[in-house]
Amino acid sequence: MIYLKEFSLVSENTENIILSEEKRTYFHNQYPFRIFPKKEFKDIKFSDVTILYGGNGSGKSTILNIIANKLNCDGSFGVHGEMMMKYLDNCNFETSMEYFEEAKIIRSDDVFDYISNIRRINNRGFSQREKLFREYFDNKDKTIDDMNDYQNLKNSIDAKRKSASNYVRSRVFDKDVKEQSNGESALMYFVFEIKENSLYLLDEPENSMSAAMQLKLTKFLEESARFFNCQFIIATHSPFLLGMTGATIYDLDSVPATQKNFWELENMKLYYCLLYTSDAADDLTRV
């Protein structure tokens with residue numbers, strides 16, 4: 001499902017006019033001006049899955065932030081600085097008539113925060129488990145004479161009926177939080193966050209994920225776009241996400257920045273050399 005059809009960045013001519021009207025000294029921060037005209041990149045046309053590909057500093061995350069702020073997406077930072085406001089005022093976009101539930105940007109930092117929260121919960125649970133193990137062995141041999149002490153009686157009976165692990169598991173705080181790897185937790189974050197009939201801007205979602213987890217994420221996003229009417233705009237250089245079925249890919253490392261097939265990208269050529277040539281080191285120098 002396509003909710004955002006097209007987005008236009010500020011043209012070089014408009015940038016020149018705006019900056020010439022600026023009376024401030026040169027050290028004033030011009031961000032995000034002067035980034036995309038040199039790439040000859042202005043108009044972005046979107047499909048169900050659109051990927052912004054490029055190395056560090058290519059501007060792919062900046063474009064996501066510009067789109068998120070212009071569309072007032074959930075998770076956007078809000079406009080910081082007068083120059084950003086001027087830039088956004090001169091951006092244009094076109095949407096379809098289709099209704100969408102939410103528009104949201106998800107950054108790798110959001111995923112890291114989720115993983116850290118899971119770790120804190122599990123650490124707190126570990127401390128509580130230590131205490132509960134001690135309680136279990138105390139209650140297992142305890143004789144309760146006062147029948148009015150209901151809770152101690154209940155704990156004693158429980159300790160006699162259950163194994164130590166079952167006793168602790170039935171009481172531990174946040175017992176539904178499972179021990180998982182960072183990659184598994186990251187994948188679960190997207191499963192929880194992605195809703196049907198929605199637009200999502202994903203900034204390097206593959207961070208913290210192994211190759212196997214990236215493949216699972218790729219399949220999940222493909223199925224969300226195909227069966228649950230989601231649209232994705234993704235900034236990434238992951239070979240697994242770049243190979244998503246039917247994705248439109250913009251190569252921000254090239255000038256002009258144009259649409260390419262995933263096998264034409266430099267990252268994919270490097271992976272090909274590593275996988276399919278016997279003398280990968282020599283081939284990498286010739287790519």
# chains A, B, ... in the order shown; residues from 1 in each chain; ligands from 1

$ residues_around --residues "Asn16 of chain A" --least-positions-apart "4" --cutoff "12 Å" --atoms "only C-alpha atoms" --output "CSV table (one decimal) with all heavy atoms, in the first residue's frame"
chain,number,residue,atom,x,y,z
A,10,VAL,N,14.4,20.3,-1.3
A,10,VAL,CA,14.6,21.7,-1.7
A,10,VAL,C,15.6,21.8,-2.9
A,10,VAL,O,16.6,21.1,-2.9
A,10,VAL,CB,15.1,22.6,-0.6
A,10,VAL,CG1,15.3,24.1,-1.1
A,10,VAL,CG2,14.1,22.5,0.6
A,11,SER,N,15.2,22.5,-4.0
A,11,SER,CA,16.0,22.6,-5.1
A,11,SER,C,17.2,23.4,-4.9
A,11,SER,O,17.3,24.2,-3.9
A,11,SER,CB,15.2,23.1,-6.3
A,11,SER,OG,14.9,24.5,-6.1
A,12,GLU,N,18.3,23.3,-5.7
A,12,GLU,CA,19.5,24.1,-5.5
A,12,GLU,C,19.2,25.5,-5.7
A,12,GLU,O,19.7,26.4,-4.9
A,12,GLU,CB,20.5,23.6,-6.5
A,12,GLU,CG,21.9,24.3,-6.3
A,12,GLU,CD,23.0,23.8,-7.2
A,12,GLU,OE1,22.6,23.0,-8.2
A,12,GLU,OE2,24.1,24.1,-7.0
A,20,SER,N,21.1,33.2,0.5
A,20,SER,CA,21.5,34.5,0.1
A,20,SER,C,20.8,35.6,1.0
A,20,SER,O,21.3,36.7,1.2
A,20,SER,CB,21.3,34.8,-1.3
A,20,SER,OG,19.9,34.9,-1.6
A,21,GLU,N,19.6,35.2,1.4
A,21,GLU,CA,18.8,36.1,2.3
A,21,GLU,C,19.2,36.1,3.8
A,21,GLU,O,18.8,36.9,4.6
A,21,GLU,CB,17.3,35.8,2.2
A,21,GLU,CG,16.7,36.1,0.8
A,21,GLU,CD,15.3,35.6,0.6
A,21,GLU,OE1,14.9,34.9,1.5
A,21,GLU,OE2,14.7,35.9,-0.4
A,22,GLU,N,20.1,35.1,4.1
A,22,GLU,CA,20.5,34.9,5.5
A,22,GLU,C,21.5,36.0,5.8
A,22,GLU,O,22.5,36.2,5.0
A,22,GLU,CB,21.2,33.5,5.7
A,22,GLU,CG,20.2,32.4,6.0
A,22,GLU,CD,19.6,32.7,7.4
A,22,GLU,OE1,20.3,32.8,8.4
A,22,GLU,OE2,18.4,32.7,7.5
A,30,GLN,N,24.1,25.6,8.7
A,30,GLN,CA,23.2,25.6,7.5
A,30,GLN,C,22.4,24.3,7.4
A,30,GLN,O,21.6,24.2,6.5
A,30,GLN,CB,24.0,25.9,6.3
A,30,GLN,CG,24.6,27.3,6.2
A,30,GLN,CD,25.3,27.5,4.9
A,30,GLN,OE1,25.8,26.6,4.3
A,30,GLN,NE2,25.5,28.8,4.6
A,33,PHE,N,20.8,22.3,4.6
A,33,PHE,CA,21.1,22.8,3.3
A,33,PHE,C,22.5,22.3,2.8
A,33,PHE,O,23.3,21.9,3.6
A,33,PHE,CB,21.1,24.3,3.4
A,33,PHE,CG,19.7,25.0,3.5
A,33,PHE,CD1,19.1,25.1,4.7
A,33,PHE,CD2,19.0,25.4,2.4
A,33,PHE,CE1,17.9,25.6,4.9
A,33,PHE,CE2,17.8,25.9,2.5
A,33,PHE,CZ,17.2,26.1,3.8
A,34,ARG,N,22.7,22.4,1.5
A,34,ARG,CA,23.9,22.1,0.8
A,34,ARG,C,24.3,20.6,0.9
A,34,ARG,O,25.4,20.3,0.6
A,34,ARG,CB,25.1,22.9,1.4
A,34,ARG,CG,24.9,24.4,1.3
A,34,ARG,CD,24.7,24.8,-0.1
A,34,ARG,NE,24.8,26.3,-0.3
A,34,ARG,CZ,24.3,26.9,-1.3
A,34,ARG,NH1,23.5,26.3,-2.2
A,34,ARG,NH2,24.5,28.2,-1.5
A,37,PRO,N,21.7,19.0,-3.2
A,37,PRO,CA,22.0,19.5,-4.6
A,37,PRO,C,23.2,18.9,-5.2
A,37,PRO,O,23.3,18.6,-6.4
A,37,PRO,CB,22.1,21.0,-4.4
A,37,PRO,CG,21.2,21.3,-3.2
A,37,PRO,CD,21.4,20.1,-2.3
A,87,TYR,N,14.0,24.9,5.7
A,87,TYR,CA,14.1,23.8,4.8
A,87,TYR,C,12.8,23.1,4.6
A,87,TYR,O,12.3,22.9,3.5
A,87,TYR,CB,15.2,22.9,5.2
A,87,TYR,CG,15.6,21.9,4.1
A,87,TYR,CD1,16.7,22.2,3.3
A,87,TYR,CD2,14.9,20.7,3.9
A,87,TYR,CE1,17.0,21.3,2.2
A,87,TYR,CE2,15.2,19.8,2.9
A,87,TYR,CZ,16.3,20.1,2.1
A,87,TYR,OH,16.6,19.2,1.1

$ residues_around --residues "segment 92-105 of chain A" --least-positions-apart "3" --cutoff "8 Å" --atoms "only C-alpha atoms" --output "count of residues only"
24

$ residues_around --residues "segment 240-251 of chain A" --least-positions-apart "4" --cutoff "9 Å" --atoms "only C-alpha atoms" --output "PyMOL selection string"
chain A and resi 44-54+206+211+214-215+217-219+221-222+234+236+255-263+265+268

$ closest_residue --among "A:Glu82, A:Leu88, A:Phe36, A:Ile115" --to "Lys60 of chain A" --atoms "only C-alpha atoms"
A:Phe36
